[in-house]
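Text of the file data_1.txt, holding compact mmCIF, C-alpha atoms:
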# COMPACT_ATOMS: atom_id res chain seq x y z
CA MET X 1 19.87 2.56 -7.79
CA ARG X 2 16.98 0.86 -6.11
CA VAL X 3 17.88 2.05 -2.60
CA THR X 4 18.46 5.73 -2.04
CA ILE X 5 19.17 7.81 1.02
CA GLY X 6 19.50 11.54 1.26
CA GLU X 7 18.52 14.86 2.77
CA GLY X 8 15.64 16.99 1.54
CA PRO X 9 12.00 16.32 0.72
CA VAL X 10 11.16 12.86 -0.63
CA ASP X 11 10.09 12.85 -4.28
CA LEU X 12 7.18 10.43 -4.01
CA SER X 13 6.17 10.74 -7.66
CA ALA X 14 9.65 9.76 -8.80
CA ILE X 15 9.63 6.71 -6.55
CA LEU X 16 6.21 5.63 -7.78
CA ASP X 17 7.12 6.30 -11.41
CA ALA X 18 10.24 4.17 -11.02
CA VAL X 19 8.15 1.03 -10.45
CA ALA X 20 5.74 1.65 -13.35
CA ASP X 21 5.76 -1.19 -15.88
CA GLY X 22 3.37 -1.94 -18.71
CA ALA X 23 2.88 -5.54 -17.60
CA HIS X 24 2.23 -4.64 -13.97
CA GLY X 25 -1.36 -3.83 -13.09
CA ALA X 26 -0.79 -3.02 -9.43
CA ALA X 27 1.47 -0.62 -7.57
CA VAL X 28 1.57 0.15 -3.86
CA LEU X 29 3.36 3.14 -2.36
CA PHE X 30 4.00 3.31 1.36
CA VAL X 31 4.87 6.68 2.91
CA GLY X 32 6.02 6.98 6.51
CA SER X 33 5.93 10.51 7.91
CA VAL X 34 6.96 12.30 11.07
CA ARG X 35 3.78 12.38 13.06
CA ARG X 36 2.65 14.30 16.07
CA ALA X 37 0.17 12.19 17.94
CA PRO X 38 -0.88 13.10 21.49
CA GLU X 39 1.01 10.12 22.94
CA ASP X 40 4.28 11.27 21.33
CA GLY X 41 4.46 14.70 22.93
CA PRO X 42 4.99 18.00 21.09
CA VAL X 43 7.32 16.67 18.38
CA ALA X 44 8.47 19.48 16.07
CA ALA X 45 10.80 17.39 13.94
CA ILE X 46 12.89 14.23 13.93
CA GLU X 47 16.57 14.24 13.13
CA TYR X 48 17.51 11.03 11.35
CA THR X 49 21.08 9.80 11.24
CA ALA X 50 22.23 6.67 9.47
CA TYR X 51 25.15 4.42 8.73
CA GLU X 52 24.61 5.33 5.12
CA ALA X 53 26.86 2.83 3.36
CA MET X 54 25.20 0.03 5.28
CA VAL X 55 21.71 1.39 4.62
CA ARG X 56 22.45 1.07 0.92
CA GLU X 57 23.89 -2.42 1.19
CA GLU X 58 21.37 -3.84 3.66
CA GLY X 59 18.55 -2.08 1.80
CA GLN X 60 19.66 -3.72 -1.42
CA ARG X 61 19.75 -7.12 0.32
CA ILE X 62 16.18 -6.53 1.51
CA LEU X 63 15.03 -5.69 -2.02
CA ASP X 64 16.89 -8.67 -3.48
CA GLU X 65 15.20 -10.95 -0.98
CA ALA X 66 11.83 -9.41 -1.85
CA VAL X 67 12.38 -10.13 -5.56
CA GLU X 68 13.21 -13.73 -4.67
CA ARG X 69 9.93 -13.98 -2.75
CA TRP X 70 7.86 -12.20 -5.41
CA PRO X 71 9.45 -12.90 -8.80
CA GLY X 72 9.01 -10.04 -11.24
CA LEU X 73 8.58 -7.51 -8.44
CA ILE X 74 9.83 -4.00 -9.15
CA VAL X 75 10.63 -2.20 -5.93
CA ARG X 76 12.25 1.00 -4.66
CA LEU X 77 13.19 2.23 -1.19
CA HIS X 78 14.15 5.71 -0.06
CA HIS X 79 15.06 6.89 3.43
CA ARG X 80 15.42 10.54 4.22
CA VAL X 81 18.11 11.64 6.69
CA GLY X 82 18.74 14.95 8.44
CA VAL X 83 16.04 16.99 10.14
CA VAL X 84 12.55 16.04 8.93
CA PRO X 85 9.81 18.45 10.07
CA ARG X 86 6.59 16.92 11.32
CA GLY X 87 4.12 15.99 8.64
CA GLN X 88 6.85 15.30 6.10
CA PRO X 89 7.79 11.86 4.78
CA SER X 90 10.87 10.11 6.12
CA ILE X 91 10.60 6.79 4.29
CA ALA X 92 8.96 5.64 1.08
CA VAL X 93 8.65 2.19 -0.46
CA ALA X 94 7.06 1.49 -3.84
CA ALA X 95 6.33 -1.95 -5.27
CA SER X 96 4.66 -3.08 -8.46
CA THR X 97 3.55 -6.54 -9.58
CA GLY X 98 1.13 -8.12 -12.02
CA HIS X 99 -1.64 -8.53 -9.45
CA ARG X 100 -2.55 -6.55 -6.40
CA PRO X 101 -2.17 -9.01 -3.50
CA ASP X 102 1.53 -9.39 -4.27
CA ALA X 103 2.05 -5.62 -4.49
CA PHE X 104 0.52 -5.15 -1.02
CA ASP X 105 2.39 -8.10 0.48
CA ALA X 106 5.74 -7.12 -1.01
CA ALA X 107 5.51 -3.43 -0.04
CA ARG X 108 4.54 -4.34 3.48
CA TRP X 109 7.30 -6.91 3.83
CA VAL X 110 9.93 -4.45 2.60
CA VAL X 111 8.75 -1.73 5.00
CA ASP X 112 8.78 -4.18 7.91
CA GLU X 113 12.26 -5.42 7.03
CA ALA X 114 13.55 -1.87 6.52
CA LYS X 115 12.34 -0.89 9.99
CA ARG X 116 13.86 -4.04 11.46
CA ARG X 117 17.21 -4.02 9.66
CA LEU X 118 18.27 -0.58 8.39
CA PRO X 119 20.85 1.19 10.58
CA VAL X 120 18.98 4.45 11.08
CA TRP X 121 18.43 6.37 14.29
CA LYS X 122 16.11 9.13 15.24
CA ARG X 123 16.30 11.97 17.67
CA GLU X 124 13.02 13.68 18.40
CA GLN X 125 13.12 17.45 18.62
CA PHE X 126 10.39 19.03 20.73
CA ASP X 127 8.76 22.44 20.56
CA ASP X 128 10.70 23.59 23.64
CA GLY X 129 14.06 22.85 22.02
CA SER X 130 14.71 19.65 23.96
CA ALA X 131 15.53 16.41 22.17
CA ARG X 132 15.72 12.70 22.88
CA TRP X 133 16.80 9.54 21.12
CA ARG X 134 13.83 7.44 20.18
CA GLU X 135 13.72 3.73 19.43
CA ASN X 136 11.14 1.93 17.37
CA ALA X 137 8.56 0.40 19.66
CA ASP X 138 8.10 -2.51 17.30
CA GLY X 139 11.77 -3.21 16.78
CA ALA X 140 12.53 -6.91 16.53
CA PRO X 141 16.26 -7.67 16.35
CA PRO X 142 17.75 -7.63 12.84
CA LEU X 143 19.08 -11.14 13.37
CA ASP X 144 17.41 -13.89 15.32
CA THR X 145 19.71 -14.62 18.20
CA VAL X 146 20.89 -18.20 18.44
CA MET R 1 -15.85 14.33 -1.63
CA ARG R 2 -14.09 11.18 -0.63
CA VAL R 3 -15.15 9.18 -3.68
CA THR R 4 -14.54 10.63 -7.12
CA ILE R 5 -15.08 9.33 -10.61
CA GLY R 6 -14.16 10.98 -13.86
CA GLU R 7 -12.39 10.95 -17.19
CA GLY R 8 -8.80 11.97 -17.72
CA PRO R 9 -5.52 11.08 -16.03
CA VAL R 10 -5.67 10.28 -12.33
CA ASP R 11 -3.97 12.87 -10.12
CA LEU R 12 -2.18 10.52 -7.74
CA SER R 13 -0.44 13.31 -5.82
CA ALA R 14 -3.76 14.98 -5.06
CA ILE R 15 -5.22 11.71 -3.77
CA LEU R 16 -2.21 11.04 -1.59
CA ASP R 17 -2.12 14.64 -0.33
CA ALA R 18 -5.79 14.40 0.60
CA VAL R 19 -5.05 11.76 3.26
CA ALA R 20 -2.09 13.60 4.80
CA ASP R 21 -2.59 14.34 8.48
CA GLY R 22 -0.12 15.50 11.10
CA ALA R 23 -1.12 12.75 13.51
CA HIS R 24 -0.91 9.98 10.93
CA GLY R 25 2.49 8.42 10.47
CA ALA R 26 1.56 5.99 7.71
CA ALA R 27 -0.04 6.36 4.30
CA VAL R 28 -0.58 3.72 1.64
CA LEU R 29 -1.48 4.50 -1.96
CA PHE R 30 -2.73 1.74 -4.26
CA VAL R 31 -2.67 2.35 -8.00
CA GLY R 32 -4.31 -0.06 -10.42
CA SER R 33 -3.31 0.41 -14.05
CA VAL R 34 -4.27 -0.98 -17.44
CA ARG R 35 -1.69 -3.66 -18.00
CA ARG R 36 -0.58 -5.60 -21.00
CA ALA R 37 0.62 -8.95 -19.79
CA PRO R 38 1.19 -11.79 -22.28
CA GLU R 39 -1.86 -13.70 -21.00
CA ASP R 40 -4.15 -10.73 -21.67
CA GLY R 41 -3.48 -10.41 -25.39
CA PRO R 42 -2.49 -7.19 -27.17
CA VAL R 43 -4.55 -4.78 -25.06
CA ALA R 44 -4.19 -1.22 -26.32
CA ALA R 45 -6.63 0.37 -23.88
CA ILE R 46 -9.63 -0.37 -21.69
CA GLU R 47 -12.85 1.55 -21.95
CA TYR R 48 -14.48 1.84 -18.55
CA THR R 49 -18.15 2.59 -18.16
CA ALA R 50 -19.93 2.99 -14.86
CA TYR R 51 -23.24 3.54 -13.15
CA GLU R 52 -21.73 6.74 -11.85
CA ALA R 53 -24.29 7.80 -9.26
CA MET R 54 -24.10 4.35 -7.69
CA VAL R 55 -20.30 4.31 -7.81
CA ARG R 56 -20.37 7.44 -5.67
CA GLU R 57 -22.95 6.09 -3.22
CA GLU R 58 -21.61 2.55 -2.95
CA GLY R 59 -18.06 3.90 -2.85
CA GLN R 60 -19.00 6.14 0.05
CA ARG R 61 -20.59 3.17 1.85
CA ILE R 62 -17.33 1.24 1.41
CA LEU R 63 -15.31 4.13 2.86
CA ASP R 64 -17.75 4.58 5.74
CA GLU R 65 -17.47 0.89 6.55
CA ALA R 66 -13.67 1.16 6.40
CA VAL R 67 -13.71 4.04 8.91
CA GLU R 68 -15.87 1.92 11.20
CA ARG R 69 -13.33 -0.88 10.99
CA TRP R 70 -10.29 1.40 11.35
CA PRO R 71 -11.36 4.39 13.49
CA GLY R 72 -9.52 7.57 12.57
CA LEU R 73 -8.77 6.30 9.07
CA ILE R 74 -8.58 8.95 6.34
CA VAL R 75 -9.32 7.43 2.96
CA ARG R 76 -9.95 8.43 -0.65
CA LEU R 77 -11.08 6.48 -3.72
CA HIS R 78 -10.97 7.51 -7.36
CA HIS R 79 -12.08 5.52 -10.39
CA ARG R 80 -11.32 6.70 -13.88
CA VAL R 81 -13.89 6.13 -16.64
CA GLY R 82 -13.70 6.45 -20.42
CA VAL R 83 -10.83 5.09 -22.48
CA VAL R 84 -7.72 4.43 -20.39
CA PRO R 85 -4.59 3.66 -22.46
CA ARG R 86 -2.40 0.82 -21.28
CA GLY R 87 0.08 1.72 -18.60
CA GLN R 88 -2.17 4.42 -17.19
CA PRO R 89 -3.96 4.23 -13.82
CA SER R 90 -7.66 3.39 -13.70
CA ILE R 91 -8.18 3.24 -9.93
CA ALA R 92 -6.45 4.76 -6.94
CA VAL R 93 -7.05 4.32 -3.23
CA ALA R 94 -5.17 6.20 -0.51
CA ALA R 95 -5.41 5.52 3.21
CA SER R 96 -3.65 7.04 6.20
CA THR R 97 -3.60 5.97 9.84
CA GLY R 98 -1.47 6.39 12.92
CA HIS R 99 0.44 3.17 12.38
CA ARG R 100 1.38 1.26 9.27
CA PRO R 101 -0.36 -2.12 9.64
CA ASP R 102 -3.74 -0.38 9.65
CA ALA R 103 -2.88 1.71 6.59
CA PHE R 104 -1.98 -1.42 4.62
CA ASP R 105 -4.99 -3.38 5.86
CA ALA R 106 -7.46 -0.57 5.22
CA ALA R 107 -6.18 0.28 1.74
CA ARG R 108 -6.28 -3.36 0.74
CA TRP R 109 -9.75 -3.88 2.12
CA VAL R 110 -11.10 -0.83 0.28
CA VAL R 111 -9.54 -1.92 -3.02
CA ASP R 112 -10.98 -5.42 -2.62
CA GLU R 113 -14.44 -4.08 -1.78
CA ALA R 114 -14.32 -1.57 -4.64
CA LYS R 115 -13.55 -4.37 -7.10
CA ARG R 116 -16.31 -6.50 -5.64
CA ARG R 117 -19.02 -3.86 -5.28
CA LEU R 118 -18.58 -0.87 -7.60
CA PRO R 119 -20.78 -0.93 -10.72
CA VAL R 120 -18.04 -0.48 -13.30
CA TRP R 121 -17.50 -2.41 -16.53
CA LYS R 122 -14.60 -2.69 -18.85
CA ARG R 123 -14.28 -3.31 -22.54
CA GLU R 124 -10.81 -4.23 -23.71
CA GLN R 125 -9.66 -2.62 -26.94
CA PHE R 126 -7.01 -4.56 -28.87
CA ASP R 127 -4.30 -3.40 -31.24
CA ASP R 128 -6.31 -4.69 -34.23
CA GLY R 129 -9.33 -2.55 -33.37
CA SER R 130 -11.41 -5.40 -31.95
CA ALA R 131 -12.93 -5.16 -28.48
CA ARG R 132 -14.53 -7.40 -25.88
CA TRP R 133 -16.27 -7.06 -22.54
CA ARG R 134 -14.06 -8.30 -19.75
CA GLU R 135 -15.11 -9.45 -16.29
CA ASN R 136 -12.93 -9.49 -13.20
CA ALA R 137 -11.52 -12.96 -12.70
CA ASP R 138 -11.65 -12.52 -8.95
CA GLY R 139 -15.16 -11.16 -8.78
CA ALA R 140 -17.10 -12.41 -5.79
CA PRO R 141 -20.74 -11.33 -5.76
CA PRO R 142 -21.40 -7.96 -4.14
CA LEU R 143 -23.98 -9.53 -1.84
CA ASP R 144 -23.83 -13.02 -0.40
CA THR R 145 -26.75 -14.84 -1.89
CA VAL R 146 -29.15 -16.37 0.57
CA MET Q 1 40.58 -2.95 13.16
CA VAL Q 2 38.25 0.05 12.89
CA CYS Q 3 35.35 0.21 15.32
CA ARG Q 4 32.61 2.71 14.46
CA PHE Q 5 29.98 4.12 16.76
CA PHE Q 6 26.61 5.55 15.85
CA GLY Q 7 23.75 7.45 17.44
CA ARG Q 8 23.73 7.50 21.21
CA TYR Q 9 26.88 5.36 21.37
CA ALA Q 10 28.85 7.95 19.40
CA GLU Q 11 27.39 10.64 21.63
CA ALA Q 12 28.28 8.83 24.88
CA ILE Q 13 31.76 7.79 23.79
CA GLY Q 14 32.44 11.17 22.28
CA ARG Q 15 33.88 9.82 19.06
CA GLU Q 16 32.68 8.09 15.92
CA ALA Q 17 35.50 5.61 15.46
CA VAL Q 18 38.48 4.06 17.22
CA THR Q 19 41.16 1.68 15.98
CA VAL Q 20 41.91 -1.29 18.22
CA ARG Q 21 44.16 -4.31 17.97
CA ILE Q 22 42.42 -7.63 18.40
CA PRO Q 23 44.01 -11.10 18.58
CA ASP Q 24 43.38 -13.64 15.81
CA GLY Q 25 40.19 -15.59 16.27
CA ALA Q 26 38.49 -12.92 18.38
CA SER Q 27 34.70 -12.79 18.28
CA VAL Q 28 32.47 -9.74 18.29
CA ARG Q 29 31.88 -10.51 21.97
CA ASP Q 30 35.65 -10.26 22.55
CA VAL Q 31 35.78 -6.93 20.72
CA VAL Q 32 33.08 -5.56 22.99
CA ALA Q 33 35.04 -6.63 26.07
CA ARG Q 34 38.24 -5.12 24.67
CA LEU Q 35 36.54 -1.80 23.93
CA ARG Q 36 35.02 -1.53 27.40
CA GLU Q 37 38.49 -2.00 28.85
CA ALA Q 38 40.43 0.21 26.43
CA VAL Q 39 38.09 3.03 25.47
CA GLU Q 40 36.79 5.65 27.84
CA ASP Q 41 32.97 5.68 28.16
CA ALA Q 42 32.65 2.51 26.08
CA SER Q 43 30.90 1.12 29.14
CA CYS Q 44 27.77 2.55 27.51
CA LEU Q 45 27.85 -0.47 25.20
CA PRO Q 46 25.55 -3.24 26.39
CA ASP Q 47 26.87 -6.79 26.78
CA ARG Q 48 25.27 -7.80 23.51
CA PRO Q 49 25.01 -4.71 21.32
CA LEU Q 50 23.81 -4.88 17.75
CA VAL Q 51 26.91 -5.18 15.63
CA ALA Q 52 27.56 -5.05 11.91
CA VAL Q 53 30.77 -6.30 10.37
CA ASN Q 54 31.54 -4.93 6.93
CA ARG Q 55 28.03 -3.53 6.80
CA MET Q 56 26.24 -6.80 7.55
CA HIS Q 57 24.43 -7.67 10.76
CA VAL Q 58 26.27 -10.36 12.72
CA LEU Q 59 25.78 -12.34 15.90
CA PRO Q 60 28.04 -11.90 18.98
CA LYS Q 61 29.84 -15.16 18.19
CA HIS Q 62 30.92 -13.86 14.75
CA VAL Q 63 34.71 -14.05 14.37
CA VAL Q 64 36.34 -10.83 13.17
CA GLN Q 65 39.38 -10.41 10.98
CA ALA Q 66 42.04 -7.75 10.53
CA GLY Q 67 40.71 -5.06 8.23
CA ASP Q 68 37.09 -5.57 9.22
CA GLU Q 69 34.88 -2.54 9.75
CA VAL Q 70 33.05 -3.28 13.01
CA ALA Q 71 30.07 -1.03 13.69
CA PHE Q 72 28.21 -0.72 16.98
CA LEU Q 73 24.57 0.06 16.37
CA PRO Q 74 22.18 1.42 19.01
CA PRO Q 75 18.64 -0.01 18.80
CA LEU Q 76 17.42 0.72 15.28
CA ALA Q 77 14.82 3.37 14.64
CA GLY Q 78 14.40 3.71 10.90
CA GLY Q 79 11.18 4.57 9.15
CA MET D 1 -40.87 1.96 -12.46
CA VAL D 2 -37.63 2.76 -14.31
CA CYS D 3 -35.39 -0.16 -15.23
CA ARG D 4 -31.85 0.73 -16.28
CA PHE D 5 -29.40 -1.43 -18.19
CA PHE D 6 -25.62 -1.19 -18.23
CA GLY D 7 -22.66 -2.60 -20.13
CA ARG D 8 -23.38 -5.66 -22.22
CA TYR D 9 -27.03 -5.68 -21.16
CA ALA D 10 -27.57 -2.18 -22.57
CA GLU D 11 -25.75 -3.25 -25.70
CA ALA D 12 -27.84 -6.43 -26.17
CA ILE D 13 -31.16 -4.81 -25.37
CA GLY D 14 -30.33 -1.76 -27.44
CA ARG D 15 -31.47 0.74 -24.84
CA GLU D 16 -30.35 2.08 -21.49
CA ALA D 17 -33.70 2.27 -19.73
CA VAL D 18 -37.32 1.19 -19.99
CA THR D 19 -40.34 2.04 -17.89
CA VAL D 20 -42.50 -0.90 -16.81
CA ARG D 21 -45.61 -1.31 -14.63
CA ILE D 22 -45.20 -3.80 -11.81
CA PRO D 23 -47.90 -4.98 -9.38
CA ASP D 24 -47.64 -4.15 -5.69
CA GLY D 25 -45.48 -6.56 -3.76
CA ALA D 26 -43.42 -7.64 -6.77
CA SER D 27 -39.88 -8.81 -6.10
CA VAL D 28 -36.78 -8.21 -8.19
CA ARG D 29 -37.25 -11.77 -9.44
CA ASP D 30 -40.73 -10.80 -10.68
CA VAL D 31 -39.34 -7.73 -12.42
CA VAL D 32 -36.83 -9.89 -14.29
CA ALA D 33 -39.64 -12.20 -15.46
CA ARG D 34 -41.78 -9.22 -16.51
CA LEU D 35 -38.92 -7.69 -18.51
CA ARG D 36 -38.11 -10.91 -20.35
CA GLU D 37 -41.77 -11.06 -21.38
CA ALA D 38 -42.29 -7.39 -22.24
CA VAL D 39 -38.96 -6.14 -23.56
CA GLU D 40 -37.35 -7.32 -26.76
CA ASP D 41 -33.91 -8.89 -26.24
CA ALA D 42 -34.29 -8.79 -22.46
CA SER D 43 -33.77 -12.54 -22.66
CA CYS D 44 -30.07 -11.66 -22.38
CA LEU D 45 -30.72 -11.14 -18.66
CA PRO D 46 -29.79 -14.20 -16.60
CA ASP D 47 -32.31 -15.72 -14.16
CA ARG D 48 -30.53 -14.07 -11.28
CA PRO D 49 -28.78 -10.95 -12.54
CA LEU D 50 -27.03 -8.54 -10.23
CA VAL D 51 -29.56 -5.89 -9.40
CA ALA D 52 -29.36 -2.57 -7.61
CA VAL D 53 -32.44 -0.76 -6.35
CA ASN D 54 -31.98 2.95 -5.74
CA ARG D 55 -28.23 2.46 -6.17
CA MET D 56 -27.88 -0.29 -3.57
CA HIS D 57 -27.14 -3.93 -4.26
CA VAL D 58 -30.16 -6.13 -3.46
CA LEU D 59 -31.03 -9.82 -3.50
CA PRO D 60 -33.59 -11.32 -5.94
CA LYS D 61 -36.20 -11.54 -3.18
CA HIS D 62 -36.07 -7.78 -2.58
CA VAL D 63 -39.53 -6.21 -2.94
CA VAL D 64 -39.66 -3.18 -5.20
CA GLN D 65 -41.88 -0.12 -4.94
CA ALA D 66 -43.31 2.40 -7.35
CA GLY D 67 -40.71 5.04 -8.08
CA ASP D 68 -37.76 2.73 -7.50
CA GLU D 69 -34.79 2.93 -9.85
CA VAL D 70 -34.02 -0.71 -10.68
CA ALA D 71 -30.64 -1.28 -12.34
CA PHE D 72 -29.48 -4.47 -14.04
CA LEU D 73 -25.75 -4.89 -13.65
CA PRO D 74 -23.60 -7.23 -15.76
CA PRO D 75 -20.79 -8.97 -13.82
CA LEU D 76 -18.72 -6.19 -12.28
CA ALA D 77 -15.29 -5.34 -13.60
CA GLY D 78 -14.04 -2.28 -11.74
CA GLY D 79 -10.46 -1.55 -10.86
What does the file become when written as structure tokens?
Amino acid sequence: MRVTIGEGPVDLSAILDAVADGAHGAAVLFVGSVRRAPEDGPVAAIEYTAYEAMVREEGQRILDEAVERWPGLIVRLHHRVGVVPRGQPSIAVAASTGHRPDAFDAARWVVDEAKRRLPVWKREQFDDGSARWRENADGAPPLDTV
Amino acid sequence: MRVTIGEGPVDLSAILDAVADGAHGAAVLFVGSVRRAPEDGPVAAIEYTAYEAMVREEGQRILDEAVERWPGLIVRLHHRVGVVPRGQPSIAVAASTGHRPDAFDAARWVVDEAKRRLPVWKREQFDDGSARWRENADGAPPLDTV
Amino acid sequence: MVCRFFGRYAEAIGREAVTVRIPDGASVRDVVARLREAVEDASCLPDRPLVAVNRMHVLPKHVVQAGDEVAFLPPLAGG
Amino acid sequence: MVCRFFGRYAEAIGREAVTVRIPDGASVRDVVARLREAVEDASCLPDRPLVAVNRMHVLPKHVVQAGDEVAFLPPLAGG
């Protein structure tokens, strides 16, 4: 399973190990975490919900497209759902290739596409117990409108 | 110590953990490993030697320059020396920032500069016991000549 | 046809799925109009919501078929 | 002044460091010429080797001083 989704802490080592390959000299791991920057307010946690079956299918389409773009690429994607406390990872992407530019390019492309296309939503939970739905600021539509 | 060099397996989790920060939503870990691709011949291991004091100083200059370019960046660099069996990591760079494009850009820049500027040499060891010095194919000079 | 709602849409409509009857040849756009008319609080759906049919993103002009799973997706926020 | 050799240079020259006397105002280029003349097998050094002075990369025109640590670096191969 190259795309996984689930509750609980993300096992980053397992994701990175899964892309190890004797012929691949370069691996890139991206980790997105729940952050608490001044401009975000006092975020205590983010609750992620997802259309899980579609996350798996659309995620697999993203990875298949990545392998078409970077032949030989080995790639994994995990998205955590449920309540993710601040500081903890919510998404991880690992990619390995023969040479490093491709590993960087592929990992970045997959992360960008995942953010753009995966049906996942987040509800920020604040220190005072309040909560609000939050959209991605950089969200381009998953399909170009015609 | 933001730049480390040493023998023995690279502790990737420690390097990634070292760049964790509550205000940083994005972390990128690059791992370069000894590979055995058909075009490289039957590489069993690579022996890395280094001018260690300079690796630390030049490595620190690279990281300082990266922080100037990407303010707020948290970054770590480790280079393994000694005999590294194939499949095992020889270099790791971790970078974290508030947003993901910077984490990718900074990690990539540091890896490129490390390859270009760190005084490290490698001697490939083949299955038959032979060995040869190997230069980086993509090595630009560490200083632009005038 | 099963229509599923997620995130703030599910919250506003107060349910996660409804079953509606749609004429042959109806587009996603037609389904949106039908829902707004037939389902209480479905007015929270924008004119052109993100929609997935059978777990694939589609455009508003996409023609639906009996048995399709039509999902209404609030603005995405993964990562 | 201490001159250090690494990698294939150390292997070819058969030692990792030599101490040489250099006149005031000598450049890295002058040090290379002096070594080729004074040190056996230092002919393995190219005309313009990579050189670091006090653990910083320098150009051939760089002027060295007494007490400097001058390192001759074969083509780099880190990573």
Taking only C-alpha atoms into account, what are the residues of chain X at most 6 Å from chain Q, put as a PDB file with C-alpha atoms, keeping the file's coordinate frame?
ATOM      1  CA  MET X  54      25.200   0.030   5.280  1.00  0.00           C
ATOM      2  CA  ILE X  91      10.600   6.790   4.290  1.00  0.00           C
ATOM      3  CA  LYS X 115      12.340  -0.890   9.990  1.00  0.00           C
ATOM      4  CA  PRO X 119      20.850   1.190  10.580  1.00  0.00           C
ATOM      5  CA  VAL X 120      18.980   4.450  11.080  1.00  0.00           C
ATOM      6  CA  TRP X 121      18.430   6.370  14.290  1.00  0.00           C
ATOM      7  CA  LYS X 122      16.110   9.130  15.240  1.00  0.00           C
ATOM      8  CA  GLU X 135      13.720   3.730  19.430  1.00  0.00           C
ATOM      9  CA  ASN X 136      11.140   1.930  17.370  1.00  0.00           C
TER      10      ASN X 136
END
Can you measure CA of Val28 (chain Q) to CA of Val64 (chain Q) for me? One decimal in Å is fine.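 Straight-line distance from CA of Val28 (chain Q) to CA of Val64 (chain Q) works out to 6.5 Å.
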Give me, as a list in words, the residues of chain R touching chain X, with the criterion being at most 6 Å (counting all atoms listed in the file). Gly22, Ala23, His24, Gly25, Ala26, Ala27, Val28, Leu29, Phe30, Val31, Gly32, Ser33, Val34, Arg35, Arg36, Ala37 and Gly87 of chain R
Hey, can you spit out that residue selection with C-alpha atoms as a CSV table (one decimal), in the coordinates of the input?
chain,number,residue,atom,x,y,z
R,22,GLY,CA,-0.1,15.5,11.1
R,23,ALA,CA,-1.1,12.8,13.5
R,24,HIS,CA,-0.9,10.0,10.9
R,25,GLY,CA,2.5,8.4,10.5
R,26,ALA,CA,1.6,6.0,7.7
R,27,ALA,CA,0.0,6.4,4.3
R,28,VAL,CA,-0.6,3.7,1.6
R,29,LEU,CA,-1.5,4.5,-2.0
R,30,PHE,CA,-2.7,1.7,-4.3
R,31,VAL,CA,-2.7,2.4,-8.0
R,32,GLY,CA,-4.3,-0.1,-10.4
R,33,SER,CA,-3.3,0.4,-14.0
R,34,VAL,CA,-4.3,-1.0,-17.4
R,35,ARG,CA,-1.7,-3.7,-18.0
R,36,ARG,CA,-0.6,-5.6,-21.0
R,37,ALA,CA,0.6,-9.0,-19.8
R,87,GLY,CA,0.1,1.7,-18.6
Could you please determine the separation between CA of Gly6 (chain X) and CA of Glu65 (chain X) in Å, to one decimal place?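 We find that CA of Gly6 (chain X) and CA of Glu65 (chain X) lie 23.0 Å from each other.
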Residue neighbourhood Arg117 (chain X), 7 Å, all atoms listed in the file, exclusion window fewer than 3 positions, as an MDAnalysis selection string: chainID X and resid 113:114 142
Suppose you want the space between CA of Ser130 (chain R) and CA of Gly8 (chain R); what is it in Å?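 That distance, rounded to one decimal, is 22.6 Å.
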With all atoms listed in the file as the atoms that count, which of X:Glu47, X:Asp102, X:Glu52, X:Glu68 lies nearest to Arg134 (chain X)?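 Closest candidate: X:Glu47.
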Quick one: axis-aligned box around all listed atoms of region 55-68 of chain Q, 4 Å on every side, centre and edge lengths in Å to one decimal, written as lines of an AutoDock Vina configuration file.
center_x = 33.2
center_y = -9.3
center_z = 12.9
size_x = 25.6
size_y = 19.6
size_z = 20.2
Distance criterion (all atoms listed in the file): nearest to Ala33 (chain Q) out of Q:Val63, Q:Thr19, Q:Ile13, Q:Pro46: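 Closest candidate: Q:Pro46.
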